[in-house]
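What follows is run-v7.cif (mmCIF, C-alpha atoms).
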data_entry
#
loop_
_atom_site.label_atom_id
_atom_site.label_comp_id
_atom_site.auth_asym_id
_atom_site.auth_seq_id
_atom_site.Cartn_x
_atom_site.Cartn_y
_atom_site.Cartn_z
CA MET A 1 17.25 11.64 20.69
CA ASP A 2 13.44 11.51 20.52
CA LEU A 3 13.42 13.67 17.40
CA LEU A 4 16.25 11.66 15.83
CA ILE A 5 14.40 8.37 16.30
CA ARG A 6 11.19 9.77 14.82
CA THR A 7 13.03 11.41 11.93
CA SER A 8 14.95 8.27 11.00
CA ALA A 9 11.72 6.25 10.97
CA MET A 10 10.00 8.74 8.66
CA LEU A 11 13.00 8.73 6.32
CA ALA A 12 13.04 4.91 6.28
CA ILE A 13 9.37 4.85 5.26
CA LEU A 14 9.79 7.70 2.76
CA LEU A 15 12.86 6.33 1.00
CA GLY A 16 12.98 2.60 1.78
CA GLY A 17 10.22 1.41 -0.55
CA PRO A 18 11.29 3.46 -3.57
CA ALA A 19 14.92 2.44 -3.01
CA LEU A 20 13.97 -1.24 -3.02
CA ALA A 21 12.00 -0.80 -6.25
CA LEU A 22 14.99 0.94 -7.85
CA TRP A 23 17.31 -1.85 -6.71
CA ALA A 24 15.04 -4.59 -8.09
CA ARG A 25 14.74 -2.81 -11.45
CA ALA A 26 18.53 -2.56 -11.72
CA ARG A 27 19.10 -6.09 -10.41
CA TRP A 28 16.88 -7.74 -13.03
CA ARG A 29 17.40 -5.05 -15.69
CA ARG A 30 13.73 -4.34 -16.17
CA PRO A 31 12.43 -1.29 -18.09
CA VAL A 32 12.59 2.02 -16.24
CA ALA A 33 8.98 2.59 -17.30
CA TRP A 34 7.88 -0.02 -14.76
CA LEU A 35 8.70 2.41 -11.95
CA GLY A 36 6.34 4.95 -13.45
CA VAL A 37 3.65 2.34 -14.04
CA GLY A 38 3.83 1.21 -10.42
CA ALA A 39 3.70 4.80 -9.18
CA LEU A 40 0.74 5.65 -11.39
CA THR A 41 -1.28 2.57 -10.47
CA PHE A 42 -1.17 3.46 -6.77
CA THR A 43 -1.49 7.23 -7.11
CA GLY A 44 -4.21 7.00 -9.74
CA ALA A 45 -6.22 4.52 -7.69
CA GLN A 46 -6.12 6.79 -4.64
CA ALA A 47 -6.95 9.87 -6.72
CA LEU A 48 -10.26 8.19 -7.57
CA ARG A 49 -10.87 6.30 -4.33
CA LEU A 50 -10.29 9.05 -1.76
CA PRO A 51 -12.79 11.55 -3.25
CA LEU A 52 -15.37 8.76 -3.40
CA LEU A 53 -14.85 7.95 0.28
CA ALA A 54 -14.99 11.64 1.17
CA GLY A 55 -18.24 11.97 -0.77
CA LEU A 56 -19.80 8.99 1.01
CA THR A 57 -18.76 10.42 4.36
CA GLU A 58 -20.40 13.74 3.52
CA LEU A 59 -23.62 12.02 2.40
CA PHE A 60 -23.82 10.18 5.73
CA ARG A 61 -23.02 13.35 7.65
CA ARG A 62 -25.82 15.26 5.96
CA GLY A 63 -28.24 12.41 6.56
CA TRP A 64 -28.83 11.79 2.86
CA LEU A 65 -27.87 8.16 3.37
CA PRO A 66 -29.24 6.05 6.25
CA GLN A 67 -26.80 5.29 9.04
CA PRO A 68 -25.64 1.64 8.97
CA PRO A 69 -26.62 -0.50 11.97
CA ASN A 70 -22.97 -1.37 12.65
CA PRO A 71 -20.81 1.63 11.62
CA LEU A 72 -17.52 -0.08 12.50
CA LEU A 73 -18.23 -3.14 10.37
CA PHE A 74 -19.59 -0.97 7.57
CA ASN A 75 -16.46 1.21 7.55
CA LEU A 76 -14.17 -1.82 7.53
CA VAL A 77 -16.02 -3.36 4.59
CA VAL A 78 -16.16 -0.16 2.55
CA LEU A 79 -12.53 0.80 3.18
CA SER A 80 -11.24 -2.70 2.52
CA LEU A 81 -13.29 -3.43 -0.59
CA SER A 82 -12.63 -0.02 -2.11
CA ALA A 83 -8.87 -0.44 -1.56
CA GLY A 84 -8.92 -3.84 -3.23
CA LEU A 85 -11.17 -2.80 -6.09
CA PHE A 86 -9.44 0.44 -7.01
CA GLU A 87 -5.83 -0.65 -6.50
CA GLU A 88 -6.10 -4.04 -8.15
CA THR A 89 -8.05 -2.64 -11.09
CA ALA A 90 -5.35 -0.02 -11.57
CA ARG A 91 -2.69 -2.71 -11.22
CA TRP A 92 -4.47 -4.86 -13.81
CA LEU A 93 -4.61 -1.97 -16.29
CA GLY A 94 -0.95 -1.11 -15.68
CA MET A 95 0.11 -4.73 -16.06
CA ARG A 96 -1.85 -5.09 -19.29
CA TRP A 97 -0.10 -2.04 -20.70
CA ALA A 98 3.27 -3.48 -19.64
CA HIS A 99 2.37 -6.81 -21.26
CA ARG A 100 1.45 -5.13 -24.55
CA ARG A 101 4.63 -3.08 -24.43
CA GLN A 102 6.77 -6.19 -23.97
CA THR A 103 4.91 -8.01 -26.73
CA TYR A 104 5.45 -5.07 -29.06
CA VAL A 105 9.24 -5.23 -28.60
CA GLY A 106 9.27 -9.02 -28.99
CA LYS A 107 9.59 -9.91 -25.32
CA SER A 108 7.32 -11.45 -22.69
CA LEU A 109 6.24 -10.13 -19.30
CA GLU A 110 8.25 -12.18 -16.80
CA GLY A 111 8.03 -12.72 -13.06
CA ALA A 112 10.82 -10.19 -12.55
CA ASP A 113 8.60 -7.60 -14.21
CA ALA A 114 5.79 -8.40 -11.79
CA LEU A 115 8.26 -8.09 -8.92
CA VAL A 116 9.39 -4.62 -9.99
CA LEU A 117 5.84 -3.46 -10.71
CA GLY A 118 4.68 -4.67 -7.30
CA LEU A 119 7.57 -3.01 -5.47
CA ALA A 120 7.05 0.24 -7.39
CA HIS A 121 3.36 0.24 -6.45
CA GLY A 122 4.03 -0.52 -2.78
CA GLY A 123 7.05 1.79 -2.73
CA THR A 124 4.89 4.67 -3.95
CA GLU A 125 2.41 4.01 -1.15
CA ALA A 126 5.29 4.06 1.35
CA PHE A 127 6.61 7.29 -0.18
CA TRP A 128 3.30 9.13 0.21
CA LEU A 129 2.76 7.85 3.75
CA GLY A 130 6.31 8.75 4.68
CA LEU A 131 5.93 12.22 3.16
CA VAL A 132 2.75 12.88 5.15
CA GLY A 133 4.44 11.63 8.33
CA TRP A 134 7.52 13.73 7.62
CA ILE A 135 5.45 16.91 7.13
CA GLN A 136 3.47 16.16 10.29
CA LEU A 137 6.70 15.71 12.27
CA ILE A 138 8.07 19.04 11.02
CA VAL A 139 4.85 20.88 11.87
CA MET A 140 4.66 19.29 15.31
CA GLN A 141 8.29 20.18 16.01
CA LEU A 142 7.76 23.80 14.93
CA MET A 143 4.70 24.08 17.18
CA GLN A 144 6.60 22.55 20.09
CA GLU A 145 9.38 25.12 19.62
CA GLY A 146 6.88 27.97 19.35
CA ALA A 147 7.77 28.78 15.75
CA LEU A 148 4.19 27.94 14.74
CA PRO A 149 1.08 28.67 16.80
CA ILE A 150 -0.93 25.70 18.02
CA PRO A 151 -4.41 25.99 16.47
CA PRO A 152 -7.17 26.33 19.07
CA GLY A 153 -8.74 23.01 19.96
CA THR A 154 -5.73 20.93 18.87
CA GLU A 155 -3.71 21.20 22.08
CA THR A 156 -4.73 17.70 23.17
CA ALA A 157 -3.78 16.19 19.82
CA VAL A 158 -0.37 17.86 19.86
CA ALA A 159 0.29 16.70 23.42
CA ALA A 160 -0.80 13.15 22.51
CA TYR A 161 1.57 13.15 19.52
CA TRP A 162 4.61 13.85 21.68
CA ALA A 163 3.37 11.54 24.46
CA THR A 164 3.52 8.62 22.01
CA PRO A 165 6.82 6.70 22.45
CA ALA A 166 9.41 7.71 19.88
CA TRP A 167 9.89 4.11 18.74
CA ILE A 168 6.25 3.72 17.64
CA PRO A 169 6.97 5.14 14.14
CA TRP A 170 9.37 2.23 13.66
CA VAL A 171 6.34 -0.05 13.86
CA GLY A 172 5.26 1.81 10.75
CA VAL A 173 8.56 0.90 9.13
CA LEU A 174 7.86 -2.78 9.88
CA GLU A 175 4.35 -2.42 8.51
CA ARG A 176 5.64 -0.89 5.26
CA GLY A 177 8.07 -3.76 4.84
CA LEU A 178 5.27 -6.28 5.24
CA ALA A 179 3.07 -4.24 2.90
CA LEU A 180 5.74 -4.42 0.19
CA ILE A 181 5.60 -8.21 0.37
CA LEU A 182 1.81 -8.11 0.14
CA HIS A 183 1.84 -5.77 -2.84
CA THR A 184 4.39 -7.95 -4.60
CA GLY A 185 2.26 -11.05 -4.03
CA LEU A 186 -0.82 -9.30 -5.38
CA ALA A 187 1.20 -8.13 -8.39
CA PHE A 188 2.09 -11.75 -9.14
CA LEU A 189 -1.60 -12.71 -9.09
CA ILE A 190 -2.41 -9.92 -11.54
CA TRP A 191 0.58 -10.98 -13.66
CA LEU A 192 -0.79 -14.52 -13.90
CA GLY A 193 -4.18 -13.18 -14.95
CA VAL A 194 -2.74 -10.91 -17.62
CA ARG A 195 -0.40 -13.58 -19.03
CA ARG A 196 -3.14 -16.22 -19.10
CA ARG A 197 -5.93 -13.79 -20.04
CA GLN A 198 -7.93 -14.96 -17.05
CA PRO A 199 -9.68 -12.08 -15.20
CA ALA A 200 -10.46 -14.48 -12.34
CA TRP A 201 -6.96 -13.74 -11.03
CA TRP A 202 -7.95 -10.06 -10.83
CA GLY A 203 -10.98 -11.05 -8.78
CA MET A 204 -8.79 -13.11 -6.46
CA ALA A 205 -6.40 -10.18 -6.01
CA VAL A 206 -9.29 -7.84 -5.17
CA PHE A 207 -10.67 -10.34 -2.66
CA LEU A 208 -7.31 -10.98 -0.99
CA HIS A 209 -6.47 -7.28 -0.83
CA ALA A 210 -9.79 -6.56 0.84
CA LEU A 211 -9.41 -9.54 3.18
CA VAL A 212 -5.94 -8.46 4.31
CA ASN A 213 -7.07 -4.90 4.96
CA GLY A 214 -10.28 -5.98 6.65
CA THR A 215 -8.72 -8.50 9.02
CA ALA A 216 -5.89 -6.11 9.89
CA GLY A 217 -8.37 -3.31 10.57
CA TYR A 218 -10.50 -5.57 12.76
CA ALA A 219 -7.44 -6.77 14.67
CA LEU A 220 -6.38 -3.14 15.24
CA VAL A 221 -9.73 -2.31 16.83
CA ARG A 222 -9.95 -5.56 18.79
CA TRP A 223 -6.34 -6.18 19.90
CA GLY A 224 -4.45 -3.00 19.19
CA ILE A 225 -1.43 -2.27 17.04
CA TRP A 226 0.49 -5.47 17.82
CA GLY A 227 -2.50 -7.63 17.03
CA ALA A 228 -2.87 -5.88 13.67
CA GLU A 229 0.84 -6.24 12.91
CA GLY A 230 0.65 -9.93 13.78
CA ILE A 231 -2.19 -10.45 11.32
CA VAL A 232 -0.34 -8.54 8.59
CA ALA A 233 2.80 -10.59 9.28
CA LEU A 234 0.87 -13.84 8.81
CA TRP A 235 -0.55 -12.58 5.53
CA ALA A 236 2.92 -11.49 4.42
CA LEU A 237 4.31 -14.94 5.18
CA ALA A 238 1.55 -16.52 3.10
CA MET A 239 2.18 -14.07 0.27
CA GLY A 240 5.92 -14.69 0.44
CA TRP A 241 5.33 -18.43 0.10
CA GLY A 242 3.04 -17.77 -2.86
CA ILE A 243 5.64 -15.58 -4.55
CA ARG A 244 8.27 -18.30 -4.22
CA ARG A 245 5.92 -20.90 -5.66
CA ILE A 246 4.91 -18.75 -8.63
CA TRP A 247 8.50 -17.67 -9.22
CA ALA A 248 9.75 -21.27 -9.17
CA THR A 249 7.10 -22.53 -11.60
CA SER A 250 7.14 -19.59 -14.00
CA GLY A 251 10.69 -20.02 -15.19
CA SER A 252 11.57 -16.42 -14.29
CA PRO A 253 15.22 -15.41 -14.19
#
Do you think you could lay out the structure here as structure tokens?
Amino acid sequence: MDLLIRTSAMLAILLGGPALALWARARWRRPVAWLGVGALTFTGAQALRLPLLAGLTELFRRGWLPQPPNPLLFNLVVLSLSAGLFEETARWLGMRWAHRRQTYVGKSLEGADALVLGLAHGGTEAFWLGLVGWIQLIVMQLMQEGALPIPPGTETAVAAYWATPAWIPWVGVLERGLALILHTGLAFLIWLGVRRRQPAWWGMAVFLHALVNGTAGYALVRWGIWGAEGIVALWALAMGWGIRRIWATSGSP
């Protein structure tokens, strides 16, 4: 039963986000290309961001950069700002391409397009996280059964993995659902900026993305997983309200 609960959670994360993006595309009959644009904006952003973070970590480790006075605060700021900057810049570029594509075929970029692009972006993030979690679960199960050797020095980590309650991965499912709402809300901000040719909306999206990540990260350190999920839920509620307002005033189908 333990393995079944963990497996079902990983599958929900792996497949849930992409399935929702596929449903939205079919529901509003948006171009299939939007799925690829959403996938590329997330994957491309991380392909640039993660090596940069790894490089900064190595520079600090070697002592080539001075250690910050408050490492926790520094890490939260860097991780949050880099996520906002890279992802929202990629989203802006992807949305601009989508806008030009729609203009070329004599159409406009509607709110439904922003919805699909946001879900495709967030669904891709869920897919990669779910895939990593799925692979980790398989490896841990094989080591528990003795089919794979436990690397020296990792015995404690393996034991801690199985000591974690089986339902904890379902908190990750909840988090991914909330993250999809957040990504959709940010996509609507970028959509407004592209349609109105006002880069200030990009700046707002970067700021909000960083603020959400930063406050959630701080809450995780200060109050644990439920505190972090509570903060994310509040942000998701605010984003959901914003989506409804933009949707209602944009004349989208």
Quick one: of A:Arg245, A:His209, A:Arg176, A:Arg195, who's nearest to A:Pro18, counting only C-alpha atoms?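 Looking only at the distances to A:Pro18, the closest residue turns out to be A:Arg176.
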Rounded to one decimal place, report the atom CA of A:Pro149-atom CA of A:Ile13 distance in Å.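 Between these atoms lies a distance of 27.7 Å.
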Rank nothing, just name the residue among A:Thr89, A:Thr164, A:Gln67, A:Gln198 nearest to A:Arg6, using only C-alpha atoms. A:Thr164
Hey, what comes out of the PyMOL selection byres ((chain A and resi 7) around 10) on this file? Could you write it as a ChimeraX atom specification? /A:1-6,8-12,133-134,137-138,166,169
Expected answer as a VMD selection string: all residues with atoms within 10 Å of (-0.4, -2.5, -15.6), all atoms listed in the file: chain A and resid 34 37 to 38 40 to 41 88 to 100 114 117 to 118 187 190 to 191 194
From the set A:Pro31, A:Val116, A:Thr124, A:Thr103, which residue has the shortest atom-to-atom contact distance to A:Gln46, counting all atoms listed in the file?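 Closest residue, counting all atoms listed in the file: A:Thr124.
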Within 8 Å of (10.0, -4.7, -8.6), in the coordinates the file gives, what residues turn up when you count all atoms listed in the file, written out as a list in words?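 Residues satisfying the cut-off, written out: Leu20, Ala21, Leu22, Ala24, Arg25, Leu35, Ala112, Asp113, Ala114, Leu115, Val116, Leu117, Gly118, Leu119, Ala120 and Thr184 of chain A.
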For the atom pair atom CA of A:Leu208 and atom CA of A:Ala238, what is the interatomic distance in Å to one decimal place? 11.2 Å
Rounded to one decimal place, report the atom CA of A:Arg196-atom CA of A:Glu110 distance in Å.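 Taking atom CA of A:Arg196 as the start and atom CA of A:Glu110 as the end point, the length is 12.3 Å.
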If we count all atoms listed in the file, what is near stretch 51-66 of chain A at a cut-off of 12 Å, once residues fewer than 4 positions away on the same chain are taken out, given as a CSV table (one decimal) with C-alpha atoms, in the frame of the given file?
chain,number,residue,atom,x,y,z
A,44,GLY,CA,-4.2,7.0,-9.7
A,45,ALA,CA,-6.2,4.5,-7.7
A,46,GLN,CA,-6.1,6.8,-4.6
A,47,ALA,CA,-7.0,9.9,-6.7
A,70,ASN,CA,-23.0,-1.4,12.6
A,71,PRO,CA,-20.8,1.6,11.6
A,74,PHE,CA,-19.6,-1.0,7.6
A,75,ASN,CA,-16.5,1.2,7.6
A,78,VAL,CA,-16.2,-0.2,2.6
A,79,LEU,CA,-12.5,0.8,3.2
A,80,SER,CA,-11.2,-2.7,2.5
A,81,LEU,CA,-13.3,-3.4,-0.6
A,82,SER,CA,-12.6,0.0,-2.1
A,83,ALA,CA,-8.9,-0.4,-1.6
A,86,PHE,CA,-9.4,0.4,-7.0
Residue nearest A:Glu175 among A:Trp235, A:Trp223, A:Trp202, A:Phe188 (counting all atoms listed in the file):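 For A:Glu175, the nearest of the given residues is A:Trp235.
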Of the candidates A:Ala26, A:Leu48, A:Val77, A:Leu234, which one gets nearest to A:Leu178 if we count all atoms listed in the file?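 Result for the nearest residue to A:Leu178: A:Leu234.
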Between A:Gly214, A:Gly227, A:Arg222, A:Ala179, which has the minimum distance to A:Met239 (counting all atoms listed in the file)?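 Nearest to A:Met239: A:Ala179.
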Box time for stretch 101-115 of chain A: axis-aligned, enclosing all its listed atoms, 6 Å extra on each side; report centre and edge lengths in Å to one decimal, as AutoDock Vina command-line options.
--center_x 7.7 --center_y -7.9 --center_z -19.0 --size_x 18.2 --size_y 21.6 --size_z 32.1
